[in-house]
>>> print(open('query_5.cif').read())   # mmCIF, C-alpha atoms
data_work
#
loop_
_atom_site.group_PDB
_atom_site.id
_atom_site.type_symbol
_atom_site.label_atom_id
_atom_site.label_comp_id
_atom_site.auth_asym_id
_atom_site.auth_seq_id
_atom_site.Cartn_x
_atom_site.Cartn_y
_atom_site.Cartn_z
ATOM 1 C CA MET A 476 5.814 46.992 -30.345
ATOM 2 C CA GLN A 477 4.394 50.260 -29.119
ATOM 3 C CA GLU A 478 1.005 50.665 -27.443
ATOM 4 C CA ILE A 479 -0.917 53.762 -28.532
ATOM 5 C CA SER A 480 -4.314 54.423 -26.910
ATOM 6 C CA GLY A 481 -5.088 50.694 -26.661
ATOM 7 C CA ALA A 482 -3.815 49.926 -30.174
ATOM 8 C CA TYR A 483 -0.471 48.327 -30.999
ATOM 9 C CA HIS A 484 2.083 49.400 -33.604
ATOM 10 C CA TYR A 485 4.505 46.713 -34.837
ATOM 11 C CA LYS A 486 7.588 46.824 -37.033
ATOM 12 C CA TRP A 487 8.400 43.527 -38.749
ATOM 13 C CA HIS A 488 12.152 44.053 -38.413
ATOM 14 C CA GLU A 489 11.804 44.400 -34.616
ATOM 15 C CA LEU A 490 9.869 41.149 -34.109
ATOM 16 C CA PRO A 491 11.573 37.848 -33.284
ATOM 17 C CA ILE A 492 12.101 35.433 -36.184
ATOM 18 C CA ASP A 493 11.594 31.708 -35.918
ATOM 19 C CA ALA A 494 12.458 29.029 -38.454
ATOM 20 C CA PRO A 495 10.220 25.993 -37.894
ATOM 21 C CA LEU A 496 11.217 24.412 -41.240
ATOM 22 C CA GLU A 497 14.263 24.437 -43.483
ATOM 23 C CA ARG A 498 14.220 27.375 -45.933
ATOM 24 C CA LEU A 499 11.429 29.130 -44.001
ATOM 25 C CA GLU A 500 11.538 32.089 -41.618
ATOM 26 C CA ARG A 501 8.588 33.896 -40.078
ATOM 27 C CA HIS A 502 7.529 36.748 -37.834
ATOM 28 C CA ARG A 503 4.235 36.481 -35.938
ATOM 29 C CA ILE A 504 1.834 38.958 -34.367
ATOM 30 C CA VAL A 505 -0.719 37.366 -32.056
ATOM 31 C CA GLY A 506 -3.907 39.230 -31.177
ATOM 32 C CA ASN A 507 -6.867 38.171 -29.086
ATOM 33 C CA ARG A 508 -8.795 36.469 -31.885
ATOM 34 C CA MET A 509 -6.412 36.302 -34.837
ATOM 35 C CA MET A 510 -2.773 35.768 -35.693
ATOM 36 C CA LEU A 511 -0.780 37.311 -38.548
ATOM 37 C CA ALA A 512 2.417 35.688 -39.789
ATOM 38 C CA ARG A 513 4.861 37.088 -42.343
ATOM 39 C CA VAL A 514 6.502 34.013 -43.857
ATOM 40 C CA ALA A 515 9.569 34.095 -46.121
ATOM 41 C CA LEU A 516 10.126 30.853 -48.028
ATOM 42 C CA GLN A 517 13.158 30.097 -50.156
ATOM 43 C CA ARG A 518 12.667 28.291 -53.444
ATOM 44 C CA GLY A 519 12.359 24.561 -52.787
ATOM 45 C CA CYS A 520 10.855 24.917 -49.301
ATOM 46 C CA HIS A 521 8.307 22.163 -48.674
ATOM 47 C CA VAL A 522 5.553 22.461 -46.071
ATOM 48 C CA PRO A 523 4.136 18.957 -45.499
ATOM 49 C CA THR A 524 0.396 18.265 -45.586
ATOM 50 C CA HIS A 525 -1.320 19.311 -42.377
ATOM 51 C CA ALA A 526 -4.650 20.669 -41.175
ATOM 52 C CA HIS A 527 -5.688 22.888 -38.276
ATOM 53 C CA GLU A 528 -8.873 24.138 -36.696
ATOM 54 C CA SER A 529 -8.086 27.759 -37.529
ATOM 55 C CA GLU A 530 -9.351 29.274 -40.745
ATOM 56 C CA GLN A 531 -6.419 30.608 -42.798
ATOM 57 C CA LEU A 532 -5.953 33.251 -45.475
ATOM 58 C CA ALA A 533 -2.647 32.816 -47.326
ATOM 59 C CA CYS A 534 -1.882 36.142 -49.029
ATOM 60 C CA VAL A 535 1.040 35.675 -51.419
ATOM 61 C CA LEU A 536 2.827 39.024 -51.581
ATOM 62 C CA SER A 537 5.618 37.910 -53.915
ATOM 63 C CA GLY A 538 6.821 34.734 -55.570
ATOM 64 C CA ARG A 539 4.845 31.623 -56.503
ATOM 65 C CA MET A 540 3.532 28.875 -54.241
ATOM 66 C CA ARG A 541 2.012 25.512 -55.178
ATOM 67 C CA PHE A 542 -0.581 24.357 -52.640
ATOM 68 C CA GLY A 543 -1.799 20.777 -52.383
ATOM 69 C CA LEU A 544 -5.418 20.701 -51.197
ATOM 70 C CA GLY A 545 -7.112 17.661 -49.670
ATOM 71 C CA ALA A 546 -5.800 14.521 -48.032
ATOM 72 C CA GLU A 547 -2.594 13.020 -49.471
ATOM 73 C CA GLY A 548 -3.383 10.220 -51.903
ATOM 74 C CA SER A 549 -7.123 10.914 -51.959
ATOM 75 C CA PRO A 550 -8.964 11.263 -55.281
ATOM 76 C CA GLU A 551 -10.131 14.708 -54.106
ATOM 77 C CA ARG A 552 -6.539 16.004 -53.804
ATOM 78 C CA ARG A 553 -5.916 19.013 -56.071
ATOM 79 C CA GLU A 554 -3.084 21.479 -56.639
ATOM 80 C CA VAL A 555 -3.277 25.215 -57.210
ATOM 81 C CA VAL A 556 -0.492 27.707 -57.944
ATOM 82 C CA VAL A 557 -0.895 31.020 -56.111
ATOM 83 C CA GLN A 558 1.369 33.939 -57.010
ATOM 84 C CA GLY A 559 2.069 37.470 -55.816
ATOM 85 C CA GLY A 560 -1.149 39.461 -55.560
ATOM 86 C CA GLU A 561 -3.345 36.400 -54.989
ATOM 87 C CA VAL A 562 -4.967 34.907 -51.870
ATOM 88 C CA LEU A 563 -5.892 31.321 -50.974
ATOM 89 C CA HIS A 564 -8.677 30.851 -48.396
ATOM 90 C CA LEU A 565 -8.295 27.648 -46.376
ATOM 91 C CA PRO A 566 -11.386 26.880 -44.279
ATOM 92 C CA SER A 567 -11.014 25.096 -40.950
ATOM 93 C CA ASN A 568 -9.589 21.538 -41.078
ATOM 94 C CA VAL A 569 -8.821 21.481 -44.828
ATOM 95 C CA PRO A 570 -5.645 19.411 -45.343
ATOM 96 C CA HIS A 571 -3.035 21.374 -47.291
ATOM 97 C CA SER A 572 0.646 21.453 -48.198
ATOM 98 C CA ALA A 573 2.789 24.117 -49.837
ATOM 99 C CA ASP A 574 5.874 24.263 -52.037
ATOM 100 C CA ALA A 575 7.791 27.433 -52.850
ATOM 101 C CA LEU A 576 8.303 27.421 -56.619
ATOM 102 C CA GLU A 577 10.485 30.516 -56.208
ATOM 103 C CA ASP A 578 11.534 32.722 -53.298
ATOM 104 C CA SER A 579 8.219 33.879 -51.833
ATOM 105 C CA VAL A 580 6.737 36.053 -49.104
ATOM 106 C CA VAL A 581 3.332 35.118 -47.697
ATOM 107 C CA LEU A 582 1.139 36.850 -45.128
ATOM 108 C CA ASP A 583 -0.883 34.209 -43.292
ATOM 109 C CA VAL A 584 -3.912 35.228 -41.237
ATOM 110 C CA PHE A 585 -5.259 32.653 -38.766
ATOM 111 C CA SER A 586 -8.487 32.847 -36.793
ATOM 112 C CA PRO A 587 -8.952 31.842 -34.083
ATOM 113 C CA VAL A 588 -5.477 32.120 -32.585
ATOM 114 C CA VAL A 589 -3.607 28.834 -32.166
ATOM 115 C CA ASP A 590 -0.501 28.029 -30.143
ATOM 116 C CA ALA A 591 0.959 26.039 -33.014
ATOM 117 C CA THR A 592 0.258 25.849 -36.734
ATOM 118 C CA GLY A 593 0.843 22.807 -38.893
ATOM 119 C CA ILE A 594 4.475 23.783 -39.498
ATOM 120 C CA ASP A 595 5.556 24.051 -35.872
ATOM 121 C CA ARG A 596 7.906 21.373 -34.633
ATOM 122 C CA LYS A 597 6.455 19.070 -32.009
ATOM 123 C CA SER A 598 8.224 19.168 -28.634
#
>>> encode(input="query_5.cif", output="structure tokens")
Amino acid sequence: MQEISGAYHYKWHELPIDAPLERLERHRIVGNRMMLARVALQRGCHVPTHAHESEQLACVLSGRMRFGLGAEGSPERREVVVQGGEVLHLPSNVPHSADALEDSVVLDVFSPVVDATGIDRKS
């Protein structure tokens, strides 16, 4: 990261990588009021159903992802496939899961910033 006149310039390849789930690696940039995560998911990666207070935009850059929307087992539960070039908007506290149908790269934007998202391992 380089600070330039109060702005910050990042290079993905210079940021630390974490792997909170099998078949998933991510880089994160945390600002004052939002967080951006570049998430690489290998085919077959499963993100269990979770919800969080932050609003989320899941921008699928490449690949195909199947999202489960709504509480597990509820009659309101629906699935949607989102592929490269498409965005899924997840309002605050909407339960959701995700499955990588093929190798995929997703940019996730969260606002407000949270210490942990639904995929972070509990200590």
>>> closest_residue(input="query_5.cif", among="A:Ala546, A:Ile594, A:Ala575, A:Leu563", to="Ala515 (chain A)", atoms="all atoms listed in the file")
A:Ala575
>>> residues_near_point(input="query_5.cif", point="(-1.5, 18.1, -43.2)", cutoff="12 Å", atoms="all atoms listed in the file", output="ChimeraX atom specification")
/A:521-528,542-548,552,568-573,592-595
>>> residues_around(input="query_5.cif", residues="region 495-505 of chain A", least_positions_apart="3", cutoff="8 Å", atoms="all atoms listed in the file", output="JSON, numbers by chain")
{"A": [487, 490, 491, 492, 509, 510, 511, 512, 513, 514, 515, 516, 517, 518, 519, 520, 522, 588, 594, 595, 596]}
>>> closest_residue(input="query_5.cif", among="A:Val556, A:Ala494, A:Met540, A:Val562", to="Ser579 (chain A)", atoms="all atoms listed in the file")
A:Met540
>>> atom_distance(input="query_5.cif", atom1="CA of Val584 (chain A)", atom2="CA of Ala533 (chain A)")
6.7 Å
>>> resolve_selection(input="query_5.cif", expression="the PyMOL selection byres ((chain A and resi 534) around 8)", output="number ranges by chain")
A: 532-533, 535-536, 559-563, 581-583
>>> atom_distance(input="query_5.cif", atom1="CA of Asp493 (chain A)", atom2="CA of Asp578 (chain A)")
17.4 Å
>>> atom_distance(input="query_5.cif", atom1="CA of His484 (chain A)", atom2="CA of Arg508 (chain A)")
17.0 Å
>>> axis_aligned_box(input="query_5.cif", around="region 501-518 of chain A", padding_each_side="4 Å", output="JSON")
{"center_x": 2.2, "center_y": 33.8, "center_z": -41.3, "size_x": 30.0, "size_y": 18.9, "size_z": 32.4}
>>> closest_residue(input="query_5.cif", among="A:Asp590, A:Lys486, A:Ser480, A:Pro566", to="Ser529 (chain A)", atoms="all atoms listed in the file")
A:Pro566
>>> closest_residue(input="query_5.cif", among="A:Pro550, A:Arg541, A:Val557, A:Tyr485", to="Asp574 (chain A)", atoms="only C-alpha atoms")
A:Arg541
>>> closest_residue(input="query_5.cif", among="A:Ser549, A:Asn507, A:Phe585, A:Ile479", to="Gln531 (chain A)", atoms="all atoms listed in the file")
A:Phe585
>>> closest_residue(input="query_5.cif", among="A:Val589, A:Met476, A:Val555, A:Val580", to="Glu530 (chain A)", atoms="all atoms listed in the file")
A:Val589
>>> build_atoms(input="query_5.cif", residues="region 540-571 of chain A", atoms="N, CA and C atoms", output="PDB file, keeping the file's coordinate frame")
ATOM      1  N   MET A 540       3.690  30.012 -55.140  1.00  0.00           N
ATOM      2  CA  MET A 540       3.532  28.875 -54.241  1.00  0.00           C
ATOM      3  C   MET A 540       2.584  27.866 -54.877  1.00  0.00           C
ATOM      4  N   ARG A 541       2.929  26.575 -54.751  1.00  0.00           N
ATOM      5  CA  ARG A 541       2.012  25.512 -55.178  1.00  0.00           C
ATOM      6  C   ARG A 541       1.426  24.892 -53.915  1.00  0.00           C
ATOM      7  N   PHE A 542       0.107  24.937 -53.785  1.00  0.00           N
ATOM      8  CA  PHE A 542      -0.581  24.357 -52.640  1.00  0.00           C
ATOM      9  C   PHE A 542      -1.237  23.051 -53.055  1.00  0.00           C
ATOM     10  N   GLY A 543      -1.065  22.027 -52.241  1.00  0.00           N
ATOM     11  CA  GLY A 543      -1.799  20.777 -52.383  1.00  0.00           C
ATOM     12  C   GLY A 543      -3.001  20.865 -51.456  1.00  0.00           C
ATOM     13  N   LEU A 544      -4.178  20.567 -51.970  1.00  0.00           N
ATOM     14  CA  LEU A 544      -5.418  20.701 -51.197  1.00  0.00           C
ATOM     15  C   LEU A 544      -6.122  19.360 -51.118  1.00  0.00           C
ATOM     16  N   GLY A 545      -6.473  18.952 -49.901  1.00  0.00           N
ATOM     17  CA  GLY A 545      -7.112  17.661 -49.670  1.00  0.00           C
ATOM     18  C   GLY A 545      -6.114  16.664 -49.110  1.00  0.00           C
ATOM     19  N   ALA A 546      -6.633  15.549 -48.649  1.00  0.00           N
ATOM     20  CA  ALA A 546      -5.800  14.521 -48.032  1.00  0.00           C
ATOM     21  C   ALA A 546      -4.841  13.917 -49.057  1.00  0.00           C
ATOM     22  N   GLU A 547      -3.601  13.667 -48.618  1.00  0.00           N
ATOM     23  CA  GLU A 547      -2.594  13.020 -49.471  1.00  0.00           C
ATOM     24  C   GLU A 547      -3.141  11.710 -50.009  1.00  0.00           C
ATOM     25  N   GLY A 548      -2.991  11.485 -51.295  1.00  0.00           N
ATOM     26  CA  GLY A 548      -3.383  10.220 -51.903  1.00  0.00           C
ATOM     27  C   GLY A 548      -4.870  10.063 -52.154  1.00  0.00           C
ATOM     28  N   SER A 549      -5.678  11.038 -51.746  1.00  0.00           N
ATOM     29  CA  SER A 549      -7.123  10.914 -51.959  1.00  0.00           C
ATOM     30  C   SER A 549      -7.472  11.369 -53.375  1.00  0.00           C
ATOM     31  N   PRO A 550      -8.558  10.836 -53.933  1.00  0.00           N
ATOM     32  CA  PRO A 550      -8.964  11.263 -55.281  1.00  0.00           C
ATOM     33  C   PRO A 550      -9.397  12.732 -55.324  1.00  0.00           C
ATOM     34  N   GLU A 551      -9.713  13.303 -54.172  1.00  0.00           N
ATOM     35  CA  GLU A 551     -10.131  14.708 -54.106  1.00  0.00           C
ATOM     36  C   GLU A 551      -8.945  15.668 -54.090  1.00  0.00           C
ATOM     37  N   ARG A 552      -7.733  15.154 -53.900  1.00  0.00           N
ATOM     38  CA  ARG A 552      -6.539  16.004 -53.804  1.00  0.00           C
ATOM     39  C   ARG A 552      -6.357  16.812 -55.089  1.00  0.00           C
ATOM     40  N   ARG A 553      -6.139  18.118 -54.946  1.00  0.00           N
ATOM     41  CA  ARG A 553      -5.916  19.013 -56.071  1.00  0.00           C
ATOM     42  C   ARG A 553      -4.735  19.914 -55.774  1.00  0.00           C
ATOM     43  N   GLU A 554      -4.169  20.509 -56.801  1.00  0.00           N
ATOM     44  CA  GLU A 554      -3.084  21.479 -56.639  1.00  0.00           C
ATOM     45  C   GLU A 554      -3.495  22.797 -57.271  1.00  0.00           C
ATOM     46  N   VAL A 555      -3.023  23.885 -56.664  1.00  0.00           N
ATOM     47  CA  VAL A 555      -3.277  25.215 -57.210  1.00  0.00           C
ATOM     48  C   VAL A 555      -2.007  26.040 -57.016  1.00  0.00           C
ATOM     49  N   VAL A 556      -1.639  26.807 -58.040  1.00  0.00           N
ATOM     50  CA  VAL A 556      -0.492  27.707 -57.944  1.00  0.00           C
ATOM     51  C   VAL A 556      -1.036  29.095 -57.620  1.00  0.00           C
ATOM     52  N   VAL A 557      -0.488  29.692 -56.563  1.00  0.00           N
ATOM     53  CA  VAL A 557      -0.895  31.020 -56.111  1.00  0.00           C
ATOM     54  C   VAL A 557       0.341  31.902 -56.188  1.00  0.00           C
ATOM     55  N   GLN A 558       0.208  33.066 -56.823  1.00  0.00           N
ATOM     56  CA  GLN A 558       1.369  33.939 -57.010  1.00  0.00           C
ATOM     57  C   GLN A 558       1.118  35.303 -56.377  1.00  0.00           C
ATOM     58  N   GLY A 559       2.161  36.138 -56.398  1.00  0.00           N
ATOM     59  CA  GLY A 559       2.069  37.470 -55.816  1.00  0.00           C
ATOM     60  C   GLY A 559       0.804  38.184 -56.245  1.00  0.00           C
ATOM     61  N   GLY A 560       0.091  38.751 -55.278  1.00  0.00           N
ATOM     62  CA  GLY A 560      -1.149  39.461 -55.560  1.00  0.00           C
ATOM     63  C   GLY A 560      -2.387  38.594 -55.465  1.00  0.00           C
ATOM     64  N   GLU A 561      -2.206  37.314 -55.093  1.00  0.00           N
ATOM     65  CA  GLU A 561      -3.345  36.400 -54.989  1.00  0.00           C
ATOM     66  C   GLU A 561      -3.459  35.863 -53.562  1.00  0.00           C
ATOM     67  N   VAL A 562      -4.676  35.393 -53.223  1.00  0.00           N
ATOM     68  CA  VAL A 562      -4.967  34.907 -51.870  1.00  0.00           C
ATOM     69  C   VAL A 562      -5.642  33.542 -51.975  1.00  0.00           C
ATOM     70  N   LEU A 563      -5.233  32.620 -51.091  1.00  0.00           N
ATOM     71  CA  LEU A 563      -5.892  31.321 -50.974  1.00  0.00           C
ATOM     72  C   LEU A 563      -6.589  31.268 -49.625  1.00  0.00           C
ATOM     73  N   HIS A 564      -7.896  30.984 -49.633  1.00  0.00           N
ATOM     74  CA  HIS A 564      -8.677  30.851 -48.396  1.00  0.00           C
ATOM     75  C   HIS A 564      -8.755  29.377 -48.035  1.00  0.00           C
ATOM     76  N   LEU A 565      -8.267  29.027 -46.854  1.00  0.00           N
ATOM     77  CA  LEU A 565      -8.295  27.648 -46.376  1.00  0.00           C
ATOM     78  C   LEU A 565      -9.255  27.573 -45.189  1.00  0.00           C
ATOM     79  N   PRO A 566     -10.465  27.034 -45.399  1.00  0.00           N
ATOM     80  CA  PRO A 566     -11.386  26.880 -44.279  1.00  0.00           C
ATOM     81  C   PRO A 566     -10.819  25.932 -43.217  1.00  0.00           C
ATOM     82  N   SER A 567     -11.420  25.939 -42.071  1.00  0.00           N
ATOM     83  CA  SER A 567     -11.014  25.096 -40.950  1.00  0.00           C
ATOM     84  C   SER A 567     -10.904  23.625 -41.366  1.00  0.00           C
ATOM     85  N   ASN A 568      -9.826  22.980 -40.923  1.00  0.00           N
ATOM     86  CA  ASN A 568      -9.589  21.538 -41.078  1.00  0.00           C
ATOM     87  C   ASN A 568      -9.404  21.042 -42.513  1.00  0.00           C
ATOM     88  N   VAL A 569      -9.116  21.926 -43.461  1.00  0.00           N
ATOM     89  CA  VAL A 569      -8.821  21.481 -44.828  1.00  0.00           C
ATOM     90  C   VAL A 569      -7.345  21.078 -44.899  1.00  0.00           C
ATOM     91  N   PRO A 570      -7.045  19.811 -45.218  1.00  0.00           N
ATOM     92  CA  PRO A 570      -5.645  19.411 -45.343  1.00  0.00           C
ATOM     93  C   PRO A 570      -4.990  20.170 -46.496  1.00  0.00           C
ATOM     94  N   HIS A 571      -3.748  20.623 -46.252  1.00  0.00           N
ATOM     95  CA  HIS A 571      -3.035  21.374 -47.291  1.00  0.00           C
ATOM     96  C   HIS A 571      -1.529  21.259 -47.095  1.00  0.00           C
TER      97      HIS A 571
END
